[in-house]
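> Input entry.cif, format and content: mmCIF, C-alpha atoms.
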```cif
data_query
#
loop_
_atom_site.label_atom_id
_atom_site.label_comp_id
_atom_site.auth_asym_id
_atom_site.auth_seq_id
_atom_site.Cartn_x
_atom_site.Cartn_y
_atom_site.Cartn_z
CA MET A 1290 0.00 0.00 0.00
CA ASN A 1291 1.21 3.51 -0.84
CA ASN A 1292 2.89 5.14 2.18
CA LYS A 1293 0.64 8.21 2.19
CA ILE A 1294 -2.53 6.14 1.90
CA ARG A 1295 -1.30 3.85 4.68
CA TYR A 1296 -1.11 6.77 7.10
CA LEU A 1297 -4.32 8.32 5.77
CA VAL A 1298 -6.53 5.40 6.85
CA PRO A 1299 -6.01 5.52 10.67
CA ASN A 1300 -5.83 9.33 10.69
CA SER A 1301 -9.14 9.52 8.80
CA LEU A 1302 -10.72 7.29 11.44
CA THR A 1303 -9.34 9.59 14.14
CA PHE A 1304 -10.83 12.66 12.44
CA LEU A 1305 -14.15 10.83 12.14
CA SER A 1306 -13.97 10.04 15.87
CA LEU A 1307 -13.26 13.72 16.57
CA SER A 1308 -16.25 14.71 14.44
CA CYS A 1309 -18.49 12.43 16.49
CA GLY A 1310 -17.23 14.08 19.67
CA ILE A 1311 -17.87 17.61 18.39
CA GLY A 1312 -21.32 16.55 17.19
CA SER A 1313 -22.06 15.06 20.60
CA ILE A 1314 -21.16 18.32 22.38
CA VAL A 1315 -23.42 20.35 20.07
CA LEU A 1316 -26.33 17.89 20.45
CA SER A 1317 -25.96 17.78 24.25
CA SER A 1318 -26.37 21.56 24.33
CA GLN A 1319 -29.61 21.10 22.36
CA ASP A 1320 -30.89 18.43 24.80
CA SER A 1321 -30.59 15.63 22.21
CA LEU A 1322 -28.90 13.51 24.87
CA VAL A 1323 -29.57 10.04 23.45
CA THR A 1324 -28.07 10.88 20.06
CA ALA A 1325 -25.19 12.68 21.78
CA GLY A 1326 -24.48 9.59 23.90
CA ILE A 1327 -24.58 7.29 20.88
CA LEU A 1328 -22.08 9.53 19.08
CA ILE A 1329 -19.70 9.16 22.04
CA LEU A 1330 -19.97 5.37 21.75
CA CYS A 1331 -19.31 5.68 18.00
CA SER A 1332 -16.20 7.67 18.85
CA TYR A 1333 -15.21 4.93 21.31
CA VAL A 1334 -15.43 2.29 18.57
CA LEU A 1335 -13.57 4.46 16.05
CA ASP A 1336 -10.83 5.12 18.61
CA CYS A 1337 -10.32 1.37 18.95
CA TRP A 1338 -10.26 0.94 15.17
CA ASP A 1339 -7.79 3.72 14.41
CA GLY A 1340 -5.21 2.19 16.75
CA PHE A 1341 -5.86 -1.29 15.35
CA THR A 1342 -5.53 -0.16 11.72
CA ALA A 1343 -2.38 1.86 12.51
CA ARG A 1344 -0.73 -1.24 13.96
CA LYS A 1345 -1.89 -3.54 11.15
CA LEU A 1346 -0.78 -1.12 8.42
CA ASN A 1347 2.44 -0.25 10.26
CA ALA A 1348 1.30 3.38 10.09
CA GLN A 1349 2.02 4.51 13.65
CA SER A 1350 3.52 7.99 13.86
CA ASP A 1351 4.11 10.83 16.31
CA PHE A 1352 1.56 12.91 14.42
CA GLY A 1353 -1.02 10.13 14.73
CA LEU A 1354 -0.33 9.80 18.46
CA GLN A 1355 -0.86 13.52 19.10
CA LEU A 1356 -3.94 13.64 16.87
CA ASP A 1357 -5.41 10.63 18.65
CA SER A 1358 -4.84 12.25 22.06
CA LEU A 1359 -6.49 15.50 20.99
CA SER A 1360 -9.43 13.56 19.56
CA ASP A 1361 -9.78 11.50 22.75
CA MET A 1362 -9.73 14.64 24.89
CA VAL A 1363 -12.63 16.13 22.93
CA SER A 1364 -14.66 13.01 22.14
CA LEU A 1365 -14.12 10.92 25.27
CA GLY A 1366 -13.12 13.56 27.81
CA ILE A 1367 -15.08 16.75 27.19
CA ALA A 1368 -18.09 15.32 25.30
CA PRO A 1369 -19.05 12.80 28.06
CA ALA A 1370 -18.60 15.52 30.70
CA VAL A 1371 -20.90 17.86 28.75
CA LEU A 1372 -23.40 15.01 28.27
CA VAL A 1373 -23.53 14.24 32.01
CA PHE A 1374 -23.73 17.97 32.80
CA HIS A 1375 -26.84 18.49 30.66
CA HIS A 1376 -28.35 15.19 31.80
CA LEU A 1377 -28.12 16.14 35.49
CA LEU A 1378 -29.14 19.73 34.76
CA ALA A 1379 -32.34 18.39 33.16
CA ARG A 1380 -32.95 16.43 36.38
CA GLU A 1381 -32.74 19.70 38.32
CA VAL A 1382 -29.45 19.03 40.06
CA ASN A 1383 -27.75 22.23 41.30
CA ILE A 1384 -25.51 23.58 38.53
CA TYR A 1385 -22.80 24.55 41.04
CA LEU A 1386 -22.66 20.94 42.25
CA ILE A 1387 -22.46 19.44 38.77
CA LEU A 1388 -19.92 21.82 37.25
CA PRO A 1389 -16.92 21.03 39.50
CA LEU A 1390 -17.51 17.28 39.06
CA VAL A 1391 -17.63 17.29 35.27
CA VAL A 1392 -14.63 19.64 35.10
CA LEU A 1393 -12.76 17.25 37.42
CA THR A 1394 -13.42 14.26 35.14
CA ALA A 1395 -12.27 16.20 32.06
CA CYS A 1396 -9.09 17.33 33.86
CA ALA A 1397 -8.42 13.78 35.08
CA GLY A 1398 -8.77 12.59 31.49
CA ALA A 1399 -6.28 15.23 30.31
CA PHE A 1400 -3.84 14.09 33.02
CA ARG A 1401 -4.26 10.45 31.93
CA LEU A 1402 -3.58 11.30 28.28
CA ALA A 1403 -0.52 13.42 29.09
CA ARG A 1404 0.94 10.63 31.24
CA PHE A 1405 0.20 8.04 28.55
CA ASN A 1406 2.04 10.08 25.91
CA LEU A 1407 5.15 10.11 28.11
CA LEU A 1408 5.15 6.36 28.70
CA PRO A 1409 7.37 4.09 26.57
CA PRO A 1410 5.47 2.30 23.79
CA LYS A 1411 4.01 -1.10 24.63
CA LEU A 1412 5.62 -4.09 23.03
CA THR A 1413 2.16 -5.61 22.61
CA SER A 1414 -1.39 -4.37 22.71
CA GLN A 1415 -2.33 -6.92 25.39
CA LYS A 1416 -0.60 -5.31 28.37
CA ASP A 1417 -2.37 -3.67 31.29
CA SER A 1418 -2.85 0.09 31.19
CA THR A 1419 -1.65 2.35 34.01
CA GLY A 1420 -4.85 3.91 35.27
CA LEU A 1421 -8.26 3.78 33.64
CA THR A 1422 -8.10 5.01 30.05
CA ILE A 1423 -10.05 8.12 29.09
CA THR A 1424 -11.73 5.95 26.43
CA GLN A 1425 -13.15 3.57 29.03
CA SER A 1426 -14.14 6.40 31.36
CA GLY A 1427 -15.91 8.36 28.62
CA GLY A 1428 -17.68 5.26 27.35
CA THR A 1429 -18.89 4.41 30.85
CA MET A 1430 -20.24 7.94 31.38
CA ALA A 1431 -22.10 7.81 28.07
CA LEU A 1432 -23.58 4.40 28.94
CA ALA A 1433 -24.76 5.74 32.31
CA VAL A 1434 -26.75 8.51 30.63
CA LEU A 1435 -28.06 6.25 27.84
CA SER A 1436 -29.11 3.70 30.46
CA ASP A 1437 -31.09 6.41 32.26
CA HIS A 1438 -32.93 7.16 29.02
CA SER A 1439 -33.59 3.51 28.15
CA VAL A 1440 -36.30 2.64 30.67
CA ILE A 1441 -38.73 5.04 32.32
CA GLY A 1442 -38.55 4.70 36.08
CA PHE A 1443 -35.30 2.71 36.02
CA THR A 1444 -32.74 5.45 36.43
CA ILE A 1445 -29.62 6.14 38.43
CA SER A 1446 -30.22 8.51 41.33
CA PRO A 1447 -28.59 11.89 40.63
CA ALA A 1448 -26.86 11.59 44.02
CA LEU A 1449 -25.03 8.48 42.81
CA TYR A 1450 -23.41 10.43 39.99
CA ILE A 1451 -21.26 12.25 42.57
CA PRO A 1452 -19.31 9.17 43.77
CA PHE A 1453 -19.49 7.73 40.24
CA LEU A 1454 -17.65 10.69 38.70
CA LEU A 1455 -15.23 10.93 41.62
CA ILE A 1456 -14.31 7.23 41.28
CA LEU A 1457 -13.79 7.52 37.51
CA SER A 1458 -11.55 10.56 38.05
CA PHE A 1459 -9.54 8.74 40.70
CA PHE A 1460 -9.14 5.65 38.51
CA MET A 1461 -7.82 7.75 35.61
CA VAL A 1462 -5.12 9.52 37.65
CA SER A 1463 -4.23 6.40 39.65
CA LYS A 1464 -1.54 3.87 38.82
CA ILE A 1465 -3.94 0.94 39.14
CA ALA A 1466 -3.27 -1.70 36.48
CA PHE A 1467 -6.40 -2.09 34.35
CA PRO A 1468 -6.40 -5.15 32.09
CA PRO A 1469 -7.51 -5.04 28.44
CA SER A 1470 -10.97 -6.40 27.66
CA SER A 1471 -9.33 -9.46 26.11
CA TRP A 1472 -8.12 -10.47 29.60
CA PHE A 1473 -11.70 -11.48 30.45
CA PHE A 1474 -11.88 -13.75 27.39
CA ARG A 1475 -8.61 -15.57 28.05
CA THR A 1476 -10.26 -18.99 28.30
CA LYS A 1477 -13.17 -20.62 26.48
CA LYS A 1478 -14.90 -21.19 29.81
CA TRP A 1479 -14.87 -17.51 30.77
CA THR A 1480 -15.83 -16.48 27.25
CA GLY A 1481 -18.86 -18.77 27.42
CA VAL A 1482 -19.85 -17.48 30.87
CA ILE A 1483 -19.64 -13.85 29.73
CA ILE A 1484 -21.63 -14.46 26.53
CA LEU A 1485 -24.35 -16.33 28.44
CA SER A 1486 -24.46 -13.63 31.12
CA VAL A 1487 -24.79 -10.83 28.59
CA SER A 1488 -27.50 -12.76 26.73
CA ALA A 1489 -29.43 -13.33 29.95
CA PHE A 1490 -29.26 -9.65 30.90
CA LEU A 1491 -30.39 -8.60 27.42
CA LEU A 1492 -33.56 -10.66 27.88
CA ILE A 1493 -34.66 -8.47 30.79
CA LEU A 1494 -32.76 -5.19 30.36
CA PRO A 1495 -32.16 -2.73 27.49
CA LEU A 1496 -28.91 -2.85 25.53
CA PHE A 1497 -27.34 0.26 27.07
CA THR A 1498 -28.28 -0.73 30.63
CA THR A 1499 -26.78 -4.19 30.12
CA PHE A 1500 -23.48 -2.83 28.85
CA PHE A 1501 -23.39 -0.19 31.59
CA ILE A 1502 -23.73 -2.94 34.22
CA PHE A 1503 -20.94 -4.96 32.61
CA TYR A 1504 -18.69 -1.90 32.44
CA LEU A 1505 -19.28 -1.37 36.17
CA ALA A 1506 -18.40 -5.03 36.69
CA TYR A 1507 -15.18 -4.44 34.73
CA LEU A 1508 -14.25 -1.58 37.08
CA VAL A 1509 -15.02 -3.61 40.21
CA ILE A 1510 -13.15 -6.72 39.02
CA SER A 1511 -10.17 -4.71 37.79
CA SER A 1512 -9.79 -2.76 41.03
CA GLY A 1513 -10.23 -5.97 43.05
CA ARG A 1514 -7.58 -7.66 40.90
CA ALA A 1515 -5.19 -4.74 41.48
CA LEU A 1516 -5.77 -4.90 45.25
CA TYR A 1517 -5.12 -8.66 45.27
CA MET A 1518 -1.90 -8.19 43.30
CA LEU A 1519 -0.76 -5.49 45.74
CA LEU A 1520 -1.48 -7.64 48.80
CA ASP A 1521 0.21 -10.64 47.20
CA ARG A 1522 3.30 -8.57 46.40
CA ASN A 1523 3.45 -7.27 49.98
CA ARG A 1524 3.18 -10.81 51.36
CA GLN A 1525 6.11 -11.89 49.18
CA ILE A 1526 8.21 -8.99 50.47
CA ILE A 1527 7.44 -9.88 54.09
#
```
Mind turning this structure into structure tokens?


Amino acid sequence: MNNKIRYLVPNSLTFLSLSCGIGSIVLSSQDSLVTAGILILCSYVLDCWDGFTARKLNAQSDFGLQLDSLSDMVSLGIAPAVLVFHHLLAREVNIYLILPLVVLTACAGAFRLARFNLLPPKLTSQKDSTGLTITQSGGTMALAVLSDHSVIGFTISPALYIPFLLILSFFMVSKIAFPPSSWFFRTKKWTGVIILSVSAFLLILPLFTTFFIFYLAYLVISSGRALYMLLDRNRQII
């Protein structure tokens, strides 16, 4: 493949992801929260694909890295914060309570991206990440809002968004080792259990609610795994 075209493919996906993020911010300001949330999830998928195509086409570059970070900051840092802001504002939560929280999550995402850009490149895409990625945080925030809009009467209490956003911010700036999603599918047994569990949840819950629950499970399992690894390391030292 021509060199220029090779680099054009992943960068085009990144620009498309950025466009979804900008569109989400505009739609959130117009109270089109469901469409805005879906655009954030589209950006999430495109962010995964641009990295995958860059590796497969051997088209990784410093320009692509910086462009990807800027796109992530807008599409998966600022856009989810704006989405949650308007969602809670519509539920009559005090604006002066919401604003510091959503600003905190965006700043934590910026910190996570800056630290990531200074880390040495991974030898493989299967290694743990240091701290929760802004992609996972932004996707989880979007799923929370979409879940609230999926079923009337089955919503997250506005008060729960306070610890929810604080925990996401802490996870992003922490040095907790978060495994890639593939870690949960490392054996056929676990893959079967996860597929059956998701199928069972989809029979009784909407799509977005189901995935939001499984993302919360990912956060709980990952933090529990990190705590176990820390305790095990301390026992070995003693």

> Interatomic distance between CA of Asp1417 in chain A and CA of Thr1499 in chain A?

24.4 Å

> What does the PyMOL selection byres ((chain A and resi 1508-1519) around 8) select in this file, as a ChimeraX atom specification?

/A:1465-1468,1504-1507,1520-1523

> Please measure the separation of CA of His1376 in chain A and CA of Arg1401 in chain A, giving the value in Å to one decimal.

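That distance, rounded to one decimal, is 24.6 Å.
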
> Evaluate the PyMOL selection byres ((chain A and resi 1359-1369) around 8) and record the selected residues as a compact mmCIF listing (two decimals) with C-alpha atoms, in the frame of the given file, following the chain and residue labels used in the document.


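Just written: part-v6.txt:
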```txt
# COMPACT_ATOMS: atom_id res chain seq x y z
CA THR A 1303 -9.34 9.59 14.14
CA PHE A 1304 -10.83 12.66 12.44
CA SER A 1306 -13.97 10.04 15.87
CA LEU A 1307 -13.26 13.72 16.57
CA CYS A 1309 -18.49 12.43 16.49
CA GLY A 1310 -17.23 14.08 19.67
CA ILE A 1311 -17.87 17.61 18.39
CA SER A 1313 -22.06 15.06 20.60
CA ILE A 1314 -21.16 18.32 22.38
CA GLY A 1326 -24.48 9.59 23.90
CA ILE A 1329 -19.70 9.16 22.04
CA SER A 1332 -16.20 7.67 18.85
CA TYR A 1333 -15.21 4.93 21.31
CA ASP A 1336 -10.83 5.12 18.61
CA GLN A 1355 -0.86 13.52 19.10
CA LEU A 1356 -3.94 13.64 16.87
CA ASP A 1357 -5.41 10.63 18.65
CA SER A 1358 -4.84 12.25 22.06
CA ALA A 1370 -18.60 15.52 30.70
CA VAL A 1371 -20.90 17.86 28.75
CA LEU A 1372 -23.40 15.01 28.27
CA VAL A 1373 -23.53 14.24 32.01
CA THR A 1394 -13.42 14.26 35.14
CA ALA A 1395 -12.27 16.20 32.06
CA GLY A 1398 -8.77 12.59 31.49
CA ALA A 1399 -6.28 15.23 30.31
CA LEU A 1402 -3.58 11.30 28.28
CA ILE A 1423 -10.05 8.12 29.09
CA THR A 1424 -11.73 5.95 26.43
CA SER A 1426 -14.14 6.40 31.36
CA GLY A 1427 -15.91 8.36 28.62
CA GLY A 1428 -17.68 5.26 27.35
CA MET A 1430 -20.24 7.94 31.38
CA ALA A 1431 -22.10 7.81 28.07
```

> Which residues come within 9 Å of Phe1459 in chain A, counting all atoms listed in the file, excluding same-chain residues fewer than 5 positions away, as a JSON list (two decimals) with C-alpha atoms, keeping the file's coordinate frame?


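Saved file out-v2.json follows:
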```
[["chain", "number", "residue", "atom", "x", "y", "z"],
["A", 1394, "THR", "CA", -13.42, 14.26, 35.14],
["A", 1397, "ALA", "CA", -8.42, 13.78, 35.08],
["A", 1420, "GLY", "CA", -4.85, 3.91, 35.27],
["A", 1421, "LEU", "CA", -8.26, 3.78, 33.64],
["A", 1454, "LEU", "CA", -17.65, 10.69, 38.70]]
```

> Given the choices A:Ser1488, A:Ser1458, A:Ser1321, A:Thr1480, which gets closest to Thr1429 in chain A if the distance is worked out from only C-alpha atoms?

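Using only C-alpha atoms, Thr1429 in chain A sits closest to A:Ser1458.
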
> CA of Pro1447 in chain A and CA of Leu1377 in chain A, how far apart in Å?

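Going from CA of Leu1377 in chain A over to CA of Pro1447 in chain A covers 6.7 Å.
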
> Considering all atoms listed in the file, return as a ChimeraX atom specification whatever protein or nucleic-acid residues lie within 8 Å of Val1298 in chain A, sequence-local ones (same chain, fewer than 3 positions apart) excluded.

/A:1294-1295,1301-1302,1339,1342-1343

> Enclose the full set of atoms of range 1403-1409 of chain A listed in the file within a box whose edges lie along x, y and z, apply 4 Å of padding to each of the six sides, and report centre and edge lengths in Å to one decimal as AutoDock Vina command-line options.


```
--center_x 3.4 --center_y 8.8 --center_z 28.6 --size_x 15.9 --size_y 17.3 --size_z 13.3
```

> Could you give me, as a PDB file with C-alpha atoms, in the frame of the given file, the residues within 12 Å of Leu1496 in chain A, counting only C-alpha atoms and dropping anything in the same chain fewer than 3 positions from it?


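The resulting result.pdb:
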```pdb
ATOM      1  CA  ILE A1327     -24.580   7.290  20.880  1.00  0.00           C
ATOM      2  CA  LEU A1432     -23.580   4.400  28.940  1.00  0.00           C
ATOM      3  CA  ALA A1433     -24.760   5.740  32.310  1.00  0.00           C
ATOM      4  CA  LEU A1435     -28.060   6.250  27.840  1.00  0.00           C
ATOM      5  CA  SER A1436     -29.110   3.700  30.460  1.00  0.00           C
ATOM      6  CA  ASP A1437     -31.090   6.410  32.260  1.00  0.00           C
ATOM      7  CA  HIS A1438     -32.930   7.160  29.020  1.00  0.00           C
ATOM      8  CA  SER A1439     -33.590   3.510  28.150  1.00  0.00           C
ATOM      9  CA  VAL A1440     -36.300   2.640  30.670  1.00  0.00           C
ATOM     10  CA  VAL A1487     -24.790 -10.830  28.590  1.00  0.00           C
ATOM     11  CA  SER A1488     -27.500 -12.760  26.730  1.00  0.00           C
ATOM     12  CA  ALA A1489     -29.430 -13.330  29.950  1.00  0.00           C
ATOM     13  CA  PHE A1490     -29.260  -9.650  30.900  1.00  0.00           C
ATOM     14  CA  LEU A1491     -30.390  -8.600  27.420  1.00  0.00           C
ATOM     15  CA  LEU A1492     -33.560 -10.660  27.880  1.00  0.00           C
ATOM     16  CA  ILE A1493     -34.660  -8.470  30.790  1.00  0.00           C
ATOM     17  CA  THR A1499     -26.780  -4.190  30.120  1.00  0.00           C
ATOM     18  CA  PHE A1500     -23.480  -2.830  28.850  1.00  0.00           C
ATOM     19  CA  PHE A1501     -23.390  -0.190  31.590  1.00  0.00           C
ATOM     20  CA  ILE A1502     -23.730  -2.940  34.220  1.00  0.00           C
ATOM     21  CA  PHE A1503     -20.940  -4.960  32.610  1.00  0.00           C
TER      22      PHE A1503
END
```

> Please expand the PyMOL selection byres ((chain A and resi 1387) around 12) into the concrete residues it hits in this file, giving the result as number ranges by chain.

A: 1370-1386, 1388-1394, 1447-1452, 1454-1455

> Between A:Leu1322, A:Leu1408, A:Leu1346, A:Leu1335, which is the closest to Ser1308 in chain A once you count all atoms listed in the file?

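Between A:Leu1322, A:Leu1408, A:Leu1346, A:Leu1335, the residue approaching Ser1308 in chain A most closely is A:Leu1335.
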
> Find the residue from A:Gln1319, A:Ser1486, A:Asn1300, A:Ser1471 that sits nearest to Trp1338 in chain A; use only C-alpha atoms when measuring.

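Checking each of A:Gln1319, A:Ser1486, A:Asn1300, A:Ser1471 against Trp1338 in chain A, counting only C-alpha atoms, the winner is A:Asn1300.
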
> Of the candidates A:Gln1349, A:Ser1470, A:Thr1422, A:Thr1476, which shows the shortest atom-to-atom distance to Leu1297 in chain A, using all atoms listed in the file?

A:Gln1349

> For a quick check of understanding, using only C-alpha atoms, which of A:Phe1497, A:Trp1479, A:Phe1352, A:Phe1460 has the smallest distance to Thr1419 in chain A?

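The closest residue to Thr1419 in chain A is A:Phe1460.
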
> Nearest to Arg1344 in chain A among A:Gly1312, A:Ile1445, A:Val1462, A:Tyr1296, with distances taken over all atoms listed in the file: which residue is it?

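Result for the nearest residue to Arg1344 in chain A: A:Tyr1296.
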
> Kindly write range 1465-1481 of chain A with N, CA and C atoms to a file, as a PDB file, in the first residue's frame.


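Written out: decode_30.pdb:
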```pdb
ATOM      1  N   ILE A1465      -3.328   2.275  39.105  1.00  0.00           N
ATOM      2  CA  ILE A1465      -3.936   0.943  39.143  1.00  0.00           C
ATOM      3  C   ILE A1465      -3.799   0.297  37.764  1.00  0.00           C
ATOM      4  N   ALA A1466      -3.430  -0.973  37.743  1.00  0.00           N
ATOM      5  CA  ALA A1466      -3.273  -1.700  36.477  1.00  0.00           C
ATOM      6  C   ALA A1466      -4.635  -2.216  36.012  1.00  0.00           C
ATOM      7  N   PHE A1467      -5.130  -1.651  34.919  1.00  0.00           N
ATOM      8  CA  PHE A1467      -6.405  -2.090  34.348  1.00  0.00           C
ATOM      9  C   PHE A1467      -6.121  -3.003  33.154  1.00  0.00           C
ATOM     10  N   PRO A1468      -6.668  -4.211  33.191  1.00  0.00           N
ATOM     11  CA  PRO A1468      -6.404  -5.150  32.088  1.00  0.00           C
ATOM     12  C   PRO A1468      -7.193  -4.793  30.837  1.00  0.00           C
ATOM     13  N   PRO A1469      -6.723  -5.225  29.665  1.00  0.00           N
ATOM     14  CA  PRO A1469      -7.508  -5.035  28.439  1.00  0.00           C
ATOM     15  C   PRO A1469      -8.742  -5.933  28.489  1.00  0.00           C
ATOM     16  N   SER A1470      -9.734  -5.600  27.689  1.00  0.00           N
ATOM     17  CA  SER A1470     -10.968  -6.400  27.663  1.00  0.00           C
ATOM     18  C   SER A1470     -10.692  -7.858  27.332  1.00  0.00           C
ATOM     19  N   SER A1471      -9.659  -8.089  26.523  1.00  0.00           N
ATOM     20  CA  SER A1471      -9.331  -9.460  26.112  1.00  0.00           C
ATOM     21  C   SER A1471      -8.928 -10.338  27.297  1.00  0.00           C
ATOM     22  N   TRP A1472      -8.507  -9.713  28.398  1.00  0.00           N
ATOM     23  CA  TRP A1472      -8.122 -10.471  29.598  1.00  0.00           C
ATOM     24  C   TRP A1472      -9.300 -11.294  30.134  1.00  0.00           C
ATOM     25  N   PHE A1473     -10.506 -10.792  29.954  1.00  0.00           N
ATOM     26  CA  PHE A1473     -11.698 -11.480  30.453  1.00  0.00           C
ATOM     27  C   PHE A1473     -12.110 -12.634  29.543  1.00  0.00           C
ATOM     28  N   PHE A1474     -11.540 -12.689  28.344  1.00  0.00           N
ATOM     29  CA  PHE A1474     -11.882 -13.750  27.394  1.00  0.00           C
ATOM     30  C   PHE A1474     -10.687 -14.685  27.175  1.00  0.00           C
ATOM     31  N   ARG A1475      -9.853 -14.816  28.212  1.00  0.00           N
ATOM     32  CA  ARG A1475      -8.611 -15.569  28.049  1.00  0.00           C
ATOM     33  C   ARG A1475      -8.822 -17.067  27.966  1.00  0.00           C
ATOM     34  N   THR A1476      -9.966 -17.559  28.414  1.00  0.00           N
ATOM     35  CA  THR A1476     -10.258 -18.987  28.296  1.00  0.00           C
ATOM     36  C   THR A1476     -11.640 -19.178  27.675  1.00  0.00           C
ATOM     37  N   LYS A1477     -11.859 -20.344  27.083  1.00  0.00           N
ATOM     38  CA  LYS A1477     -13.169 -20.622  26.481  1.00  0.00           C
ATOM     39  C   LYS A1477     -14.269 -20.648  27.533  1.00  0.00           C
ATOM     40  N   LYS A1478     -13.920 -21.119  28.740  1.00  0.00           N
ATOM     41  CA  LYS A1478     -14.901 -21.191  29.815  1.00  0.00           C
ATOM     42  C   LYS A1478     -15.415 -19.797  30.183  1.00  0.00           C
ATOM     43  N   TRP A1479     -14.480 -18.864  30.397  1.00  0.00           N
ATOM     44  CA  TRP A1479     -14.874 -17.508  30.771  1.00  0.00           C
ATOM     45  C   TRP A1479     -15.590 -16.809  29.625  1.00  0.00           C
ATOM     46  N   THR A1480     -15.159 -17.066  28.404  1.00  0.00           N
ATOM     47  CA  THR A1480     -15.832 -16.478  27.247  1.00  0.00           C
ATOM     48  C   THR A1480     -17.287 -16.936  27.185  1.00  0.00           C
ATOM     49  N   GLY A1481     -17.503 -18.224  27.413  1.00  0.00           N
ATOM     50  CA  GLY A1481     -18.865 -18.769  27.416  1.00  0.00           C
ATOM     51  C   GLY A1481     -19.711 -18.177  28.533  1.00  0.00           C
TER      52      GLY A1481
END
```
